[in-house]
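**Q** Pasting in a structure now, in structure tokens, and then I'll have a few things to ask.
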Amino acid sequence: MVAFSSGVILLYWLTVLPPYTWLFVLTFMVGAAAFWGRGSRFSSLCLLVCFGLLGLLWATWHADGRLAERLPQGLEGEQVTVSGHLCSLPQPGSFGSLRFNFCVQRWHEPATVPEGTRLPETLRLAWYGRDGKDLPEHRLRLEVVLKRPHGNLNQAGFRYEDWLFRNGFRATGSVRSVAPEPGLACGWHCQYRAWHQSVAAVVEDWFGEAQQFPLIASLLIGNRGHLENAHWDALKATGTIHLVAISGLHLGLVAVAVGLLGHRLLLLVPSGWVSVHQGRVAVFALVMLCSLAYALLAGFTVPTRRALIMVVVGGWYLLMAREASAWQPFMAALFLVLLLDPFAPLDQGFWLSFGAVAVLLLVFAGRVSAPGWLKGLVLAQFAVFAGLWPVLLHFGLGQPLAGLLANLLAIPWVSLVVMPVLFVGALLSALSGGGLSGFAMVLMDGALALLWGWLEWVQVLDWPVPGGGKVAQSGLLVLVVVVMIRLPVPGFRPAAFAAIALWSLAALYHREPENSSVAVPEIRILDVGQGLSVLIRVDDKVLLYDTGPEVKGVFSAADSVLIPELSARGIRRIDHLVLSHADNDHAGGLPVLLDTFDVVRISSGEAGELSGSLDGLRLVHDCPAVAEHWGDLELAFWQAPDARAGNDASCVLRVSHGLSDTEIWLTGDISDGVEARMLADPELDWFHRQPAHRLVLAPHHGSKTSSSESWVETLRPDQVIYTAGYRHRFGHPHPEVTARYRQAGARALNTACSGQIAITLPATGPEIEEIRHSAPFWVAAPGLARDQCNIP
């Protein structure tokens, strides 16, 4: 089980998908060697390798099958018709949209599909412009516009493309029209999804007027679509998101409650009617049946299925009542999860759930005497809080200290009060045909109001923000803490708590005195979609040019890309923040960035407008008139003298590296008119000589209103980089613009295809790296053609 599980996990460390036919041959050969040499240590080693290869083969086969589902390039951006059924509960999205998963049963454009192509079976769709209308039925005929899975690609931060691959969405898109398709065949999966939607409708009918309905729907049937931003902010700040994700805690409560109830019922059976073994089998069957029922009620999501497997395995070991290590059911559950869901390692919840169980086993398994419930609760909270810290650090996530206090009361309250009230209230409402739903709603609101009041109180406390720390250091401390808790030596347990407290305080207040340093200057064009953000580093000094786009309440590049990326690189301070101008795709998310990092100086081509947006709390300087010198780099600025608003006010930055005779031009959104004024500026000496290497970020993302013929011909860059969104509605870069740069001899890159682009500047000349080349196989596998990024 260990070897097989390791083989499955190994696949997701690879950048290339291994050919599973060769893996099959290699597995057979190693298995044959183990058989012929059985009884020897060599045979045992071969057997372990064989099962490891089997795990790798199993995961590779499933991954290859998923990657084989592809939307043909000819169908991208075209309106197509599909028939199928809903795979999830529809949830409200941005701009009044409705988002849902759609299982395709029929594509109505087979003639346009190349022979041998497997079209996607599951789509992630958004229905905009619906004017408040709901989907008419669960079986539908849709007209949709699709594109292949794609998301921003950076070294840190959330990767949408990873999430799409893990969940099996091989195309995303928007809905143009909706019509019911009642005559479509509806198998068991379709019928289950239809039933779950009807259950959601009944729950909303019964409890929809409750003040805490979003939490009721989340905990009762796994419908988190009603949670608002305020809910998510509080749950994140208090480390209690796990409470609204139906997982091990909730299914464990069901299993324990039903197990105790079944045991009590058995005591009422006359002696001799049921043997001890038969009684255990009956209780086990009842627990599994009720756990499965709740998992189905909760939508049978990935975390729910994982928790159900763990409950089944744990219940089976208890049923057998054998003297066995507690790690055996743990490894059996891990093995079964990876066998049934080989994509599980892509899910952070997989590592957090098994990590939490492993920590609890280290602390409690094999103890001579069990601690009391209160002492056990405190021990568990401290152990899990410390034990999951290195896992969270590995994923670039924080461990809010508020979570230690919040969960200390929230977990027992949810376990002992909230979930029983929800189950009993739902059962009473069902038995009465909804007649007692009002009474049940009052009880639910009361229990959840106390829980939510506690979380809001913890949230508003002035909690210091922990520092990042290192995975190895935190892992070592976890080991020390577990050992100290386990050893039955007087005074060790208080010492463990003191160690956690001191470690937490050190993480809170310890800050690196300076930014981490780089050996050679580097410039990183971050992938922020349709927008711009460039990170420049020299030694420990940092300049950030633009902050990317933001859609209020929907998306912020500062939050999802910049903050994780800068934090992962050990950046604590931004020495100079240059905002080319105030457009949303260049200056989005500014407040959250200023709250996270110490920013020494802010400059912009539209200083007045940006100062107003910050309510005058920060001074924004005009575009600098004097060049700055950072080591071997010269940072020279320019702005059109008569432009003070809009795209033409963009503050242009030229980065010069003398040792390698290289120039990198960051041009904001200047138009061809400003380009002409720049070329004619008598005080500007930027065009007097042609450096050995010149790289240009195309003005205005490659818009046809920029990059005039005279501009391109004068600069004659060796490399042009477009910062455009993948298949964005603006269609950047424009074909006329790409043709001009191509005729001038410039090689082209686009962040839409390359992801983040890193330029390092050693003395020998610029070195350019596209992150897509080192991306995991499920990201690099599609092999985006250059013409898909409008750079043929």
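Labeling convention for the structure tokens: chains A, B, ... as they appear, residues from 1 per chain, ligands from 1 in order of appearance.
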Show which residues sit within 10 Å of Pro564 in chain A, as a VMD selection string. Count only C-alpha atoms, and ignore same-chain residues fewer than 2 positions away.

**A** chain A and resid 154 to 158 396 to 397 558 to 562 566 to 569

**Q** Just list the residues in range 539-741 of chain A DSSP gives helix (DSSP H, G or I) on the backbone, as a PyMOL selection string.

**A** chain A and resi 557-568+584-587+590-596+607-613+647-649+672-680+699-702+709-715+735-741

**Q** Could those selected residues go to a file with C-alpha atoms, as a CSV table (one decimal), in the first residue's frame?

**A**
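Output (result-v4.csv):
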```csv
chain,number,residue,atom,x,y,z
A,557,ALA,CA,-4.2,40.0,-9.6
A,558,ALA,CA,-2.7,41.6,-6.5
A,559,ASP,CA,-4.4,39.2,-4.2
A,560,SER,CA,-4.1,36.0,-6.4
A,561,VAL,CA,-0.7,36.6,-8.2
A,562,LEU,CA,1.4,39.4,-6.8
A,563,ILE,CA,1.1,38.8,-3.0
A,564,PRO,CA,1.8,35.0,-3.3
A,565,GLU,CA,4.6,35.5,-5.9
A,566,LEU,CA,6.4,38.2,-3.9
A,567,SER,CA,6.0,36.5,-0.6
A,568,ALA,CA,7.3,33.2,-2.0
A,584,ASN,CA,-7.8,49.1,-13.8
A,585,ASP,CA,-5.8,46.5,-15.7
A,586,HIS,CA,-2.5,48.3,-14.6
A,587,ALA,CA,-3.3,49.6,-11.1
A,590,LEU,CA,-3.6,48.7,-4.9
A,591,PRO,CA,-5.0,48.9,-1.3
A,592,VAL,CA,-4.5,45.2,-0.5
A,593,LEU,CA,-0.9,45.4,-1.9
A,594,LEU,CA,-0.1,48.4,0.3
A,595,ASP,CA,-1.6,46.6,3.3
A,596,THR,CA,0.7,43.6,2.7
A,607,ALA,CA,-0.5,60.6,-9.7
A,608,GLY,CA,-3.5,62.8,-8.9
A,609,GLU,CA,-6.2,60.2,-9.8
A,610,LEU,CA,-4.4,57.4,-7.9
A,611,SER,CA,-3.9,59.6,-4.8
A,612,GLY,CA,-7.7,60.3,-4.8
A,613,SER,CA,-8.4,56.5,-5.1
A,647,ASN,CA,-3.4,55.7,-21.7
A,648,ASP,CA,-1.2,58.4,-23.2
A,649,ALA,CA,-0.2,59.5,-19.7
A,672,ASP,CA,1.0,55.7,-31.6
A,673,GLY,CA,0.6,59.4,-31.1
A,674,VAL,CA,2.8,59.3,-28.0
A,675,GLU,CA,5.2,57.1,-29.7
A,676,ALA,CA,5.7,59.7,-32.4
A,677,ARG,CA,6.2,62.4,-29.7
A,678,MET,CA,8.8,60.2,-28.0
A,679,LEU,CA,10.7,59.7,-31.3
A,680,ALA,CA,10.7,63.4,-31.9
A,699,PRO,CA,2.6,49.1,-25.8
A,700,HIS,CA,-1.1,48.5,-24.9
A,701,HIS,CA,-0.8,44.7,-25.0
A,702,GLY,CA,-0.3,44.8,-28.8
A,709,GLU,CA,5.6,51.3,-38.2
A,710,SER,CA,8.1,54.1,-37.4
A,711,TRP,CA,8.3,53.1,-33.7
A,712,VAL,CA,8.9,49.5,-34.5
A,713,GLU,CA,11.4,50.3,-37.3
A,714,THR,CA,13.3,52.7,-35.0
A,715,LEU,CA,13.5,50.4,-32.0
A,735,PRO,CA,-2.3,40.8,-36.4
A,736,GLU,CA,-1.1,44.0,-38.0
A,737,VAL,CA,1.1,44.7,-34.9
A,738,THR,CA,2.5,41.2,-34.8
A,739,ALA,CA,3.4,41.5,-38.5
A,740,ARG,CA,5.3,44.7,-37.9
A,741,TYR,CA,7.4,43.2,-35.2
```

**Q** Run DSSP on the backbone of this structure and report the residues of range 5-176 of chain A it assigns to strand (DSSP E), as a ChimeraX atom specification.

**A** /A:79-86,91-92,98-107,122-127,139-147,171-176

**Q** Suppose we keep N, CA and C atoms; can you now write the selection as a compact mmCIF listing (two decimals), in the first residue's frame?

**A**
```txt
# COMPACT_ATOMS: atom_id res chain seq x y z
N GLN A 79 -19.58 29.05 -31.62
CA GLN A 79 -20.80 28.67 -30.93
C GLN A 79 -21.18 27.25 -31.32
N VAL A 80 -21.28 26.37 -30.33
CA VAL A 80 -21.63 24.97 -30.57
C VAL A 80 -22.81 24.60 -29.69
N THR A 81 -23.45 23.50 -30.03
CA THR A 81 -24.63 23.03 -29.29
C THR A 81 -24.32 21.70 -28.65
N VAL A 82 -24.64 21.59 -27.37
CA VAL A 82 -24.42 20.35 -26.62
C VAL A 82 -25.68 20.01 -25.83
N SER A 83 -25.87 18.73 -25.61
CA SER A 83 -26.98 18.25 -24.78
C SER A 83 -26.40 17.41 -23.65
N GLY A 84 -27.02 17.51 -22.49
CA GLY A 84 -26.55 16.76 -21.34
C GLY A 84 -27.33 17.13 -20.11
N HIS A 85 -26.70 16.93 -18.95
CA HIS A 85 -27.38 17.22 -17.68
C HIS A 85 -26.43 17.95 -16.73
N LEU A 86 -27.01 18.60 -15.76
CA LEU A 86 -26.24 19.32 -14.75
C LEU A 86 -25.48 18.34 -13.88
N GLN A 91 -24.67 27.79 -9.06
CA GLN A 91 -24.31 28.77 -8.05
C GLN A 91 -24.21 30.15 -8.66
N PRO A 92 -24.64 31.18 -7.94
CA PRO A 92 -24.53 32.54 -8.48
C PRO A 92 -23.08 32.96 -8.64
N LEU A 98 -24.72 32.70 -13.65
CA LEU A 98 -24.99 31.43 -12.98
C LEU A 98 -23.90 30.46 -13.44
N ARG A 99 -23.20 29.85 -12.49
CA ARG A 99 -22.11 28.93 -12.82
C ARG A 99 -22.51 27.51 -12.46
N PHE A 100 -22.14 26.57 -13.31
CA PHE A 100 -22.49 25.18 -13.06
C PHE A 100 -21.58 24.26 -13.87
N ASN A 101 -21.55 22.99 -13.45
CA ASN A 101 -20.84 21.94 -14.18
C ASN A 101 -21.85 21.21 -15.06
N PHE A 102 -21.42 20.89 -16.26
CA PHE A 102 -22.34 20.28 -17.23
C PHE A 102 -21.72 19.02 -17.81
N CYS A 103 -22.43 17.89 -17.67
CA CYS A 103 -22.00 16.62 -18.23
C CYS A 103 -22.61 16.47 -19.62
N VAL A 104 -21.73 16.42 -20.62
CA VAL A 104 -22.18 16.36 -22.01
C VAL A 104 -22.50 14.92 -22.39
N GLN A 105 -23.69 14.73 -22.94
CA GLN A 105 -24.08 13.42 -23.47
C GLN A 105 -24.06 13.39 -24.99
N ARG A 106 -24.15 14.59 -25.59
CA ARG A 106 -24.16 14.63 -27.05
C ARG A 106 -23.65 15.97 -27.55
N TRP A 107 -22.72 15.90 -28.51
CA TRP A 107 -22.26 17.07 -29.24
C TRP A 107 -22.99 17.10 -30.58
N THR A 122 -17.02 16.82 -19.56
CA THR A 122 -17.49 17.70 -18.50
C THR A 122 -17.04 19.12 -18.78
N LEU A 123 -17.97 20.06 -18.71
CA LEU A 123 -17.69 21.47 -18.99
C LEU A 123 -17.94 22.30 -17.76
N ARG A 124 -17.16 23.36 -17.61
CA ARG A 124 -17.39 24.36 -16.57
C ARG A 124 -17.95 25.60 -17.27
N LEU A 125 -19.22 25.93 -16.98
CA LEU A 125 -19.92 26.95 -17.75
C LEU A 125 -20.41 28.09 -16.87
N ALA A 126 -20.57 29.24 -17.50
CA ALA A 126 -21.15 30.42 -16.85
C ALA A 126 -22.22 30.99 -17.79
N TRP A 127 -23.36 31.31 -17.22
CA TRP A 127 -24.47 31.86 -17.99
C TRP A 127 -24.64 33.33 -17.62
N ARG A 139 -31.96 18.38 -17.43
CA ARG A 139 -31.53 17.93 -18.75
C ARG A 139 -31.72 19.08 -19.73
N LEU A 140 -30.62 19.47 -20.38
CA LEU A 140 -30.63 20.72 -21.13
C LEU A 140 -29.97 20.57 -22.50
N ARG A 141 -30.38 21.47 -23.37
CA ARG A 141 -29.71 21.66 -24.66
C ARG A 141 -29.18 23.09 -24.66
N LEU A 142 -27.86 23.22 -24.75
CA LEU A 142 -27.21 24.52 -24.59
C LEU A 142 -26.46 24.92 -25.85
N GLU A 143 -26.51 26.20 -26.13
CA GLU A 143 -25.59 26.78 -27.12
C GLU A 143 -24.50 27.50 -26.35
N VAL A 144 -23.27 27.09 -26.57
CA VAL A 144 -22.16 27.57 -25.75
C VAL A 144 -21.00 28.00 -26.64
N VAL A 145 -20.16 28.86 -26.09
CA VAL A 145 -18.89 29.24 -26.70
C VAL A 145 -17.79 28.78 -25.75
N LEU A 146 -16.89 27.93 -26.23
CA LEU A 146 -15.94 27.24 -25.37
C LEU A 146 -14.49 27.62 -25.69
N LYS A 147 -13.62 27.35 -24.72
CA LYS A 147 -12.18 27.41 -24.94
C LYS A 147 -11.53 26.33 -24.09
N ALA A 171 -12.86 21.75 -20.77
CA ALA A 171 -13.20 22.96 -21.52
C ALA A 171 -14.04 23.85 -20.61
N THR A 172 -13.91 25.14 -20.81
CA THR A 172 -14.72 26.11 -20.08
C THR A 172 -15.40 27.01 -21.10
N GLY A 173 -16.43 27.71 -20.66
CA GLY A 173 -17.09 28.58 -21.62
C GLY A 173 -18.29 29.28 -21.04
N SER A 174 -19.00 29.97 -21.91
CA SER A 174 -20.19 30.73 -21.54
C SER A 174 -21.40 30.24 -22.34
N VAL A 175 -22.55 30.40 -21.74
CA VAL A 175 -23.80 29.91 -22.33
C VAL A 175 -24.46 31.04 -23.12
N ARG A 176 -24.88 30.72 -24.33
CA ARG A 176 -25.59 31.69 -25.16
C ARG A 176 -27.10 31.49 -25.12
```

**Q** Which residue is closest to Leu401 in chain A? Choose from A:Leu461, A:Val652, A:Val599, A:Met288 and count only C-alpha atoms.

**A**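 Closest candidate: A:Leu461.
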
**Q** Please provide the set of residues having any atom within 8 Å of Trp638 in chain A, restricted to only C-alpha atoms, with same-chain residues fewer than 4 positions apart removed, written as a ChimeraX atom specification.

**A** /A:623-625,651-653

**Q** Emit the selected residues as a PDB file, in the first residue's frame, including N, CA and C atoms.

**A**
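Done, and the output landed in selection.pdb:
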```
ATOM      1  N   CYS A 623       5.524  60.813 -12.475  1.00  0.00           N
ATOM      2  CA  CYS A 623       6.525  59.992 -13.166  1.00  0.00           C
ATOM      3  C   CYS A 623       7.899  60.635 -13.002  1.00  0.00           C
ATOM      4  N   PRO A 624       8.886  59.912 -12.475  1.00  0.00           N
ATOM      5  CA  PRO A 624      10.188  60.521 -12.166  1.00  0.00           C
ATOM      6  C   PRO A 624      10.834  61.145 -13.401  1.00  0.00           C
ATOM      7  N   ALA A 625      11.500  62.275 -13.167  1.00  0.00           N
ATOM      8  CA  ALA A 625      12.211  62.951 -14.261  1.00  0.00           C
ATOM      9  C   ALA A 625      13.691  62.601 -14.272  1.00  0.00           C
ATOM     10  N   CYS A 651       3.563  56.236 -17.766  1.00  0.00           N
ATOM     11  CA  CYS A 651       4.957  56.484 -17.417  1.00  0.00           C
ATOM     12  C   CYS A 651       5.797  55.353 -18.014  1.00  0.00           C
ATOM     13  N   VAL A 652       6.641  55.680 -18.980  1.00  0.00           N
ATOM     14  CA  VAL A 652       7.455  54.695 -19.677  1.00  0.00           C
ATOM     15  C   VAL A 652       8.761  54.491 -18.909  1.00  0.00           C
ATOM     16  N   LEU A 653       9.174  53.233 -18.802  1.00  0.00           N
ATOM     17  CA  LEU A 653      10.412  52.905 -18.087  1.00  0.00           C
ATOM     18  C   LEU A 653      11.343  52.131 -19.013  1.00  0.00           C
TER      19      LEU A 653
END
```

**Q** Which neighbours of Ala293 in chain A fall inside 12 Å, counting only C-alpha atoms, when residues of the same chain fewer than 2 positions from it are skipped, and could you give them as a list in words?

**A**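 Skipping anything fewer than 2 positions along the chain leaves His196, Leu220, Ile221, Leu251, Val254, Ala255, Leu286, Val287, Met288, Leu289, Cys290, Ser291, Ala295, Leu296, Leu297, Ala298, Gly299, Phe300, Thr304, Arg305 and Leu308 of chain A.
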
**Q** Those same residues, written as a compact mmCIF listing (two decimals), in the first residue's frame with C-alpha atoms?

**A**
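part_35.txt was written with the following content:
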```
# COMPACT_ATOMS: atom_id res chain seq x y z
CA HIS A 196 -29.84 16.39 -5.32
CA LEU A 220 -26.74 20.09 5.59
CA ILE A 221 -26.42 19.40 1.86
CA LEU A 251 -19.10 12.14 8.36
CA VAL A 254 -22.60 10.77 11.68
CA ALA A 255 -20.64 7.52 12.05
CA LEU A 286 -26.05 0.77 9.81
CA VAL A 287 -23.11 3.18 10.18
CA MET A 288 -22.03 2.67 6.57
CA LEU A 289 -25.59 3.07 5.28
CA CYS A 290 -26.16 6.32 7.17
CA SER A 291 -22.70 7.67 6.24
CA ALA A 295 -22.49 11.73 1.64
CA LEU A 296 -25.11 11.53 -1.11
CA LEU A 297 -27.17 14.24 0.59
CA ALA A 298 -24.07 16.45 0.67
CA GLY A 299 -23.49 16.15 -3.07
CA PHE A 300 -20.91 13.33 -3.01
CA THR A 304 -16.98 13.79 1.01
CA ARG A 305 -15.96 10.71 -0.96
CA LEU A 308 -16.48 8.22 3.33
```

**Q** Taking only C-alpha atoms into account, which of A:Leu54, A:Leu635, A:Cys753, A:Leu360 comes nearest Ile536 in chain A?

**A** A:Leu635

**Q** So how many Å separate CA of Arg224 in chain A and CA of Leu253 in chain A, to one decimal?

**A** 19.9 Å

**Q** Between A:Leu17, A:Ala430, A:Val313, A:Leu451, single out the one closest to Val418 in chain A, counting only C-alpha atoms.

**A**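 The shortest atom-to-atom distance to Val418 in chain A comes from A:Leu451.
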
**Q** I'd like the contact shell of range 237-241 of chain A - 10 Å cut-off, only C-alpha atoms, skipping same-chain residues fewer than 2 positions apart - returned as an mmCIF file with C-alpha atoms, in the first residue's frame.

**A**
```cif
data_model
loop_
_atom_site.group_PDB
_atom_site.id
_atom_site.type_symbol
_atom_site.label_atom_id
_atom_site.label_comp_id
_atom_site.auth_asym_id
_atom_site.auth_seq_id
_atom_site.Cartn_x
_atom_site.Cartn_y
_atom_site.Cartn_z
ATOM 1 C CA HIS A 231 -18.748 34.540 5.186
ATOM 2 C CA TRP A 232 -15.583 33.560 3.340
ATOM 3 C CA ASP A 233 -13.599 36.430 4.882
ATOM 4 C CA ALA A 234 -14.588 35.352 8.396
ATOM 5 C CA LEU A 235 -13.938 31.666 7.717
ATOM 6 C CA LEU A 243 -16.374 23.518 8.962
ATOM 7 C CA VAL A 244 -18.403 24.238 5.808
ATOM 8 C CA ALA A 245 -16.713 21.607 3.616
ATOM 9 C CA PHE A 385 -2.434 23.460 14.580
ATOM 10 C CA GLY A 398 -1.049 30.934 6.049
ATOM 11 C CA GLN A 399 -1.951 29.395 9.382
ATOM 12 C CA PRO A 400 -4.040 32.099 11.101
ATOM 13 C CA LEU A 401 -3.415 32.159 14.824
ATOM 14 C CA ALA A 402 -7.073 33.010 15.257
ATOM 15 C CA GLY A 403 -7.786 29.451 14.138
ATOM 16 C CA LEU A 404 -6.323 28.023 17.338
ATOM 17 C CA LEU A 405 -8.821 29.934 19.472
ATOM 18 C CA ALA A 406 -11.732 29.772 17.015
ATOM 19 C CA ASN A 407 -11.576 26.004 16.503
ATOM 20 C CA ALA A 410 -16.182 25.949 17.123
ATOM 21 C CA ILE A 411 -15.358 22.268 16.576
ATOM 22 C CA LEU A 455 -16.273 33.510 14.750
ATOM 23 C CA GLU A 456 -16.982 37.196 14.096
ATOM 24 C CA TRP A 457 -15.694 38.097 17.556
ATOM 25 C CA VAL A 458 -12.472 36.160 16.963
ATOM 26 C CA GLN A 459 -12.148 37.704 13.505
ATOM 27 C CA VAL A 460 -12.180 41.311 14.734
ATOM 28 C CA TRP A 463 -4.365 39.217 15.510
#
```
